[in-house]
Structure formats: C-alpha cells, structure tokens
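Reproduced below: structure02.cif, with mmCIF, C-alpha atoms.
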data_upload
#
loop_
_atom_site.label_atom_id
_atom_site.label_comp_id
_atom_site.auth_asym_id
_atom_site.auth_seq_id
_atom_site.Cartn_x
_atom_site.Cartn_y
_atom_site.Cartn_z
CA MET A 27 -12.30 8.60 13.93
CA SER A 28 -11.63 4.92 13.41
CA GLY A 29 -10.31 3.81 10.04
CA PRO A 30 -11.97 1.68 7.36
CA LYS A 31 -12.73 -1.96 8.14
CA THR A 32 -11.89 -3.08 4.59
CA ALA A 33 -8.52 -2.99 2.83
CA MET A 34 -7.24 -3.60 -0.70
CA VAL A 35 -3.81 -5.24 -0.57
CA LEU A 36 -1.94 -4.91 -3.86
CA ALA A 37 -0.04 -8.19 -4.21
CA ALA A 38 -0.21 -8.91 -7.97
CA GLY A 39 3.13 -7.39 -8.98
CA LEU A 40 5.75 -9.53 -10.75
CA GLY A 41 8.59 -8.44 -8.47
CA THR A 42 11.16 -8.57 -11.28
CA ARG A 43 13.59 -6.32 -9.37
CA MET A 44 13.50 -8.83 -6.51
CA ARG A 45 15.00 -11.66 -8.53
CA PRO A 46 16.39 -14.18 -7.71
CA LEU A 47 14.20 -14.03 -4.58
CA THR A 48 11.09 -14.07 -6.80
CA ASP A 49 12.19 -16.87 -9.14
CA ASP A 50 9.86 -19.28 -7.32
CA ARG A 51 7.40 -17.04 -5.46
CA PRO A 52 5.50 -13.75 -5.69
CA LYS A 53 7.10 -10.67 -4.16
CA ALA A 54 4.44 -10.80 -1.45
CA LEU A 55 6.01 -14.02 -0.12
CA VAL A 56 9.59 -12.75 0.07
CA GLU A 57 10.52 -12.92 3.74
CA VAL A 58 11.89 -10.09 5.86
CA GLY A 59 12.80 -10.96 9.42
CA GLY A 60 11.30 -14.43 9.07
CA ARG A 61 7.87 -13.23 7.90
CA ALA A 62 6.46 -12.79 4.41
CA LEU A 63 6.09 -9.17 3.28
CA ILE A 64 2.33 -9.62 2.95
CA ASP A 65 2.08 -10.82 6.55
CA HIS A 66 3.88 -7.70 7.80
CA MET A 67 1.21 -5.61 6.05
CA LEU A 68 -1.79 -7.76 6.97
CA ASP A 69 -0.73 -7.66 10.64
CA ARG A 70 -0.46 -3.86 10.53
CA LEU A 71 -3.93 -3.64 8.98
CA ALA A 72 -5.39 -6.06 11.53
CA ASP A 73 -3.93 -3.95 14.34
CA ALA A 74 -5.67 -0.92 12.77
CA GLY A 75 -9.04 -2.68 12.97
CA VAL A 76 -9.30 -4.01 9.41
CA GLU A 77 -11.70 -6.95 9.28
CA THR A 78 -11.57 -7.85 5.56
CA ALA A 79 -8.62 -7.65 3.19
CA VAL A 80 -9.17 -8.03 -0.56
CA VAL A 81 -5.88 -9.33 -1.98
CA ASN A 82 -5.20 -9.29 -5.72
CA VAL A 83 -3.13 -12.18 -7.10
CA HIS A 84 -1.30 -12.72 -10.39
CA ALA A 85 2.25 -14.11 -10.35
CA PHE A 86 2.48 -17.48 -8.52
CA ALA A 87 -1.17 -16.94 -7.60
CA ASP A 88 -1.71 -20.52 -6.39
CA ARG A 89 1.20 -20.28 -3.99
CA LEU A 90 0.04 -16.94 -2.61
CA GLU A 91 -3.53 -18.22 -2.17
CA ALA A 92 -2.24 -21.30 -0.33
CA HIS A 93 -0.19 -19.10 2.00
CA LEU A 94 -3.21 -16.89 2.73
CA GLN A 95 -5.43 -19.93 3.36
CA ALA A 96 -2.87 -21.28 5.82
CA ARG A 97 -2.78 -17.89 7.55
CA GLN A 98 -6.58 -17.86 7.82
CA ALA A 99 -6.54 -21.37 9.28
CA THR A 100 -4.60 -20.02 12.27
CA GLY A 101 -7.44 -17.60 12.99
CA ALA A 102 -5.34 -14.54 12.19
CA ALA A 103 -7.22 -11.42 11.10
CA PRO A 104 -8.21 -10.02 8.70
CA GLN A 105 -10.54 -12.22 6.69
CA ILE A 106 -9.07 -12.68 3.19
CA VAL A 107 -10.98 -12.27 -0.09
CA ILE A 108 -9.13 -12.96 -3.35
CA SER A 109 -9.37 -10.65 -6.37
CA ASP A 110 -8.14 -12.86 -9.20
CA GLU A 111 -5.87 -11.18 -11.75
CA ARG A 112 -4.38 -14.38 -13.15
CA PRO A 113 -5.27 -13.43 -16.77
CA GLN A 114 -3.60 -10.00 -16.53
CA ALA A 115 -2.03 -7.89 -13.78
CA LEU A 116 -4.02 -4.66 -13.64
CA GLU A 117 -1.65 -2.25 -11.84
CA THR A 118 -2.78 -0.09 -8.93
CA GLY A 119 -5.81 1.67 -10.43
CA GLY A 120 -6.97 -1.27 -12.50
CA GLY A 121 -6.60 -3.59 -9.53
CA ILE A 122 -8.89 -1.46 -7.38
CA ARG A 123 -11.40 -0.93 -10.20
CA ASN A 124 -11.52 -4.70 -10.80
CA ALA A 125 -12.16 -5.28 -7.09
CA LEU A 126 -14.89 -2.65 -6.66
CA PRO A 127 -17.64 -5.29 -6.28
CA LEU A 128 -15.66 -6.81 -3.39
CA LEU A 129 -14.76 -3.57 -1.63
CA GLY A 130 -18.19 -2.13 -0.85
CA GLU A 131 -19.31 1.49 -0.89
CA GLY A 132 -17.28 3.00 1.94
CA PRO A 133 -13.66 4.19 2.15
CA VAL A 134 -10.95 1.53 2.17
CA TRP A 135 -7.32 1.17 3.04
CA VAL A 136 -5.07 0.50 0.04
CA ALA A 137 -1.68 -1.04 0.81
CA ASN A 138 1.34 -2.16 -1.17
CA ILE A 139 3.20 -5.17 0.23
CA ASP A 140 6.74 -3.86 -0.14
CA SER A 141 6.94 -1.32 2.70
CA VAL A 142 7.98 -2.17 6.24
CA TRP A 143 8.60 0.27 9.06
CA ILE A 144 9.62 0.80 12.65
CA GLU A 145 7.21 3.08 14.47
CA SER A 146 7.95 5.89 16.88
CA GLY A 147 5.09 6.53 19.24
CA LEU A 148 1.53 6.07 17.99
CA PRO A 149 0.81 3.46 15.28
CA ALA A 150 1.24 5.07 11.87
CA LEU A 151 -2.03 3.74 10.48
CA ASN A 152 -3.90 5.33 13.39
CA ALA A 153 -2.48 8.70 12.33
CA VAL A 154 -3.77 8.20 8.79
CA ALA A 155 -7.17 7.11 10.09
CA ALA A 156 -7.35 10.18 12.35
CA ALA A 157 -6.57 12.46 9.41
CA TRP A 158 -9.18 10.90 7.10
CA ASP A 159 -12.17 13.17 6.46
CA PRO A 160 -14.45 12.06 3.60
CA GLU A 161 -16.02 15.52 3.39
CA ALA A 162 -12.67 17.18 2.69
CA MET A 163 -10.77 14.53 0.73
CA ASP A 164 -10.95 11.52 -1.58
CA VAL A 165 -7.45 10.24 -0.76
CA CYS A 166 -5.25 10.43 2.36
CA LEU A 167 -1.67 9.30 1.78
CA MET A 168 0.78 7.98 4.38
CA LEU A 169 4.03 9.88 3.82
CA ALA A 170 7.56 9.89 5.20
CA PRO A 171 10.60 12.17 4.92
CA THR A 172 12.51 11.74 1.66
CA VAL A 173 15.76 12.08 3.63
CA GLY A 174 16.21 9.18 6.03
CA SER A 175 13.65 6.80 4.56
CA LEU A 176 15.28 3.81 2.89
CA GLY A 177 14.78 2.54 -0.66
CA PHE A 178 12.42 5.26 -1.92
CA HIS A 179 13.02 7.95 -4.60
CA ASP A 180 15.86 10.28 -3.61
CA SER A 181 13.93 13.15 -5.20
CA GLY A 182 10.73 12.54 -3.20
CA ASP A 183 7.12 12.62 -4.35
CA VAL A 184 5.09 15.38 -2.72
CA PHE A 185 4.90 18.58 -0.70
CA LEU A 186 2.51 18.88 2.26
CA ALA A 187 0.98 22.15 3.49
CA ASN A 188 -1.82 22.20 6.08
CA GLY A 189 -2.51 18.57 5.25
CA LEU A 190 -2.90 19.23 1.51
CA VAL A 191 -0.72 17.28 -0.94
CA ARG A 192 1.00 18.87 -3.92
CA PHE A 193 2.83 16.54 -6.32
CA LYS A 194 6.29 17.69 -7.37
CA ALA A 195 6.81 19.22 -10.80
CA PRO A 196 9.50 17.89 -13.16
CA GLY A 197 12.93 18.80 -11.81
CA GLU A 198 11.72 19.49 -8.27
CA THR A 199 12.94 17.65 -5.20
CA ALA A 200 10.13 17.02 -2.73
CA PRO A 201 10.54 16.61 1.03
CA LEU A 202 8.16 13.64 1.36
CA VAL A 203 7.74 10.22 -0.23
CA TYR A 204 4.59 8.10 -0.48
CA VAL A 205 5.22 4.95 1.52
CA GLY A 206 2.64 2.60 0.06
CA VAL A 207 -0.44 2.94 2.30
CA HIS A 208 -3.43 5.23 1.94
CA ILE A 209 -7.15 5.57 2.55
CA CYS A 210 -9.39 6.41 -0.39
CA ARG A 211 -12.83 6.25 -1.82
CA PRO A 212 -12.32 3.27 -4.18
CA GLN A 213 -14.90 4.73 -6.59
CA ILE A 214 -12.24 7.18 -7.80
CA THR A 215 -11.15 4.33 -10.12
CA ALA A 216 -14.63 3.62 -11.52
CA ASP A 217 -14.16 5.74 -14.67
CA GLY A 218 -10.79 4.18 -15.48
CA PRO A 219 -10.24 2.11 -18.63
CA GLU A 220 -10.63 -1.63 -18.95
CA GLY A 221 -7.33 -3.29 -18.14
CA PRO A 222 -4.22 -1.98 -16.36
CA PHE A 223 -3.83 1.63 -15.25
CA SER A 224 -2.06 3.55 -12.50
CA LEU A 225 -3.57 5.49 -9.61
CA THR A 226 -1.05 8.32 -9.97
CA PRO A 227 -2.82 10.34 -12.71
CA ILE A 228 -6.06 10.10 -10.72
CA TRP A 229 -4.31 11.35 -7.61
CA LYS A 230 -2.71 14.26 -9.48
CA ALA A 231 -6.07 15.34 -10.91
CA LEU A 232 -7.71 15.14 -7.47
CA ALA A 233 -4.79 16.96 -5.84
CA ALA A 234 -5.34 19.87 -8.24
CA GLU A 235 -8.86 20.11 -6.76
CA GLY A 236 -7.56 19.98 -3.16
CA ARG A 237 -8.96 16.49 -2.61
CA VAL A 238 -5.71 14.67 -1.73
CA HIS A 239 -4.42 15.02 1.81
CA GLY A 240 -1.54 13.36 3.61
CA VAL A 241 0.02 12.69 6.97
CA ALA A 242 3.65 11.89 7.87
CA PRO A 243 3.78 9.84 11.09
CA GLU A 244 7.09 9.48 12.92
CA GLY A 245 9.13 6.34 12.26
CA LEU A 246 11.63 4.69 9.94
CA TRP A 247 10.19 3.63 6.57
CA MET A 248 11.82 1.08 4.28
CA HIS A 249 10.87 0.15 0.72
CA VAL A 250 11.80 -3.49 0.05
CA GLY A 251 12.27 -3.30 -3.70
CA ASP A 252 15.27 -5.52 -4.37
CA PRO A 253 17.45 -8.10 -2.55
CA VAL A 254 19.84 -5.45 -1.20
CA ALA A 255 16.92 -3.47 0.26
CA ARG A 256 15.53 -6.69 1.74
CA ASP A 257 18.82 -7.35 3.54
CA LEU A 258 18.97 -3.75 4.77
CA ALA A 259 15.41 -3.89 6.10
CA GLU A 260 16.11 -7.21 7.80
CA ALA A 261 19.12 -5.71 9.56
CA LYS A 262 17.14 -2.66 10.73
CA LEU A 263 14.25 -4.78 12.02
CA ALA A 264 16.68 -7.02 13.90
#

Would you mind writing the file out in structure tokens?
Amino acid sequence: MSGPKTAMVLAAGLGTRMRPLTDDRPKALVEVGGRALIDHMLDRLADAGVETAVVNVHAFADRLEAHLQARQATGAAPQIVISDERPQALETGGGIRNALPLLGEGPVWVANIDSVWIESGLPALNAVAAAWDPEAMDVCLMLAPTVGSLGFHDSGDVFLANGLVRFKAPGETAPLVYVGVHICRPQITADGPEGPFSLTPIWKALAAEGRVHGVAPEGLWMHVGDPVARDLAEAKLA
C-alpha cells in the first residue's frame, strides 16, 4: 500500500553535540554534501509521496522558517506547515502531541532530521510503507543493522522477529538500530503529559502488546550527530 501523505518532521532539537556547527543555526540547517539536513529528509519524504510536512521549530526558529519558506518558493514538495515550539522544545512525544491538530486523523510519517543514507535497491521509505498495516500495528520503525551503520548506538536498539519489534533489555546487545523514520498513528501521544516527553516509553508499552513492527531495508545508514559524523557522512555521500 502507499504510505501516508502527511509527515511530522522533528526539527526542534538544540543540536548541542553539533557545536560549533550549530552556534548560529539549528541542527536542521547543518549542511551535508551541500544540502541542509532537513532538505535531505524532506526530499526523501516527497519522493515517498508525502504532500504535507508539519515541521516543529524551536532553536533559531526564524532562520529555519525562512529557509523553509525559500524552499517552498521554488515549488519543491512537500507543503510545509510550522508547529511552533519557540516557548519550549517538547521532545519527540510532546512534539507530536502538540501538533495533533495539524496532523489529521490518519497515520503519519515521523522523521528526525539527523539521518542520511545511501540506498541499495528499492527506496527505503517504500519498504516501510509496504510493511505498514494499521490493523496489526500502531508503529512501524525503519531499522538498520547495528554493525555497519555509522554514528548509532554500538549496542543497538531492538530485535526483529517476523516483523515484530522487541526492545533490548539492560545489558543486551541488539542487532538493529532505529534510524529516525517511522510510520505511526499520531494519537498514541494523545494521553501524554503537557510539555516535553519522549516517544520511547510509549513504543515500549505498545511493543509489549505486539503493536510495534519494523522493517530493515538494505542500504548504508548514517546518524549525523556531531561534526565528526557530519564529515564522515559527507565523505560517504561523495
């Protein structure tokens, strides 16, 4: 099946580990291979058929909004809607909960802005969209091998069996990492608290009920978390 037409792009982080690259800009505007991180992700989403991207803003919000307006002026998809977190950055769960009125009722893509990748074969987002089944799951995570992916946790995040995700226990090393893109029902955040909160506890509770699935498309995944990782990703993309 085709994927969601709406995405939530999480761009409100402070990017403190990226300093000095983020001394004058949000992490979303750090460039890799001559393009801002957020443009890498928005282009991927547009290629996957996303028509509207809700982007949350906090640090250097005016500069990020100006960049997105300039992008829109070129006619590039998707259409951008701003979720304003200037007063307080709300983390992953809080950011989605705050944006619920903008996201609509259906499933959405959720994407961080600090992952870039080189695909092998079919587009990775198409594989996630093909795996999405709202009857069987509330979340479908895009995953990659812990070994060989660059800049992620060495100990991994999850195990995958018949499409079902199990989060690692303390002390375990998991074969797969979450690479910053997933499809979910955004309403899973509706009962969260006012203010900032993480998606991870929600995912772990849903995974215990068998409602979190995942897919690991082929490719090379890179987490751009600091200046060294940025330079490494730039070299790989070149």

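Once all atoms listed in the file are considered, the residues situated within 12 Å of the file point (-15.1, -7.5, -9.6) turn out to be Val80, Asn82, Val107, Ile108, Ser109, Asp110, Glu111, Gly120, Gly121, Ile122, Arg123, Asn124, Ala125, Leu126, Pro127, Leu128, Leu129, Gly130, Ala216 and Glu220 of chain A.
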
Could you state which residues are captured by the PyMOL selection byres ((chain A and resi 166-174) around 9) in this file, as a PyMOL selection string? chain A and resi 150-151+153-155+157-159+163-165+175-176+178-184+191+200-210+237-247

Near A:Ala264, within 12 Å and counting all atoms listed in the file, which residues show up once chain neighbours fewer than 6 positions away are dropped, as a CSV table (one decimal) with C-alpha atoms, keeping the file's coordinate frame?
chain,number,residue,atom,x,y,z
A,58,VAL,CA,11.9,-10.1,5.9
A,59,GLY,CA,12.8,-11.0,9.4
A,60,GLY,CA,11.3,-14.4,9.1
A,143,TRP,CA,8.6,0.3,9.1
A,144,ILE,CA,9.6,0.8,12.6
A,257,ASP,CA,18.8,-7.4,3.5
A,258,LEU,CA,19.0,-3.8,4.8

Please enumerate the residues selected by the PyMOL selection byres ((chain A and resi 94-102) around 12) when evaluated against the supplied file, formatted as a PyMOL selection string. chain A and resi 37+54-55+61-62+64-65+68-73+76-83+87-93+103-108

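Our summary of the geometry notes that atom CA of A:Arg43 is positioned 16.2 Å from atom CA of A:His84.
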
Pick from A:Glu161, A:Pro222, A:Trp135, A:Asn188 nearest to A:Gly39, counting all atoms listed in the file: A:Pro222

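Between A:Ala156 and the residues A:Glu117, A:Ile228, A:Ala74, A:His249, the shortest atom-to-atom distance, using only C-alpha atoms, involves A:Ala74.
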
Measuring atom to atom with all atoms listed in the file, identify which of A:Thr215, A:Ser224, A:Ser28, A:Thr42 is nearest to A:Leu116. A:Ser224
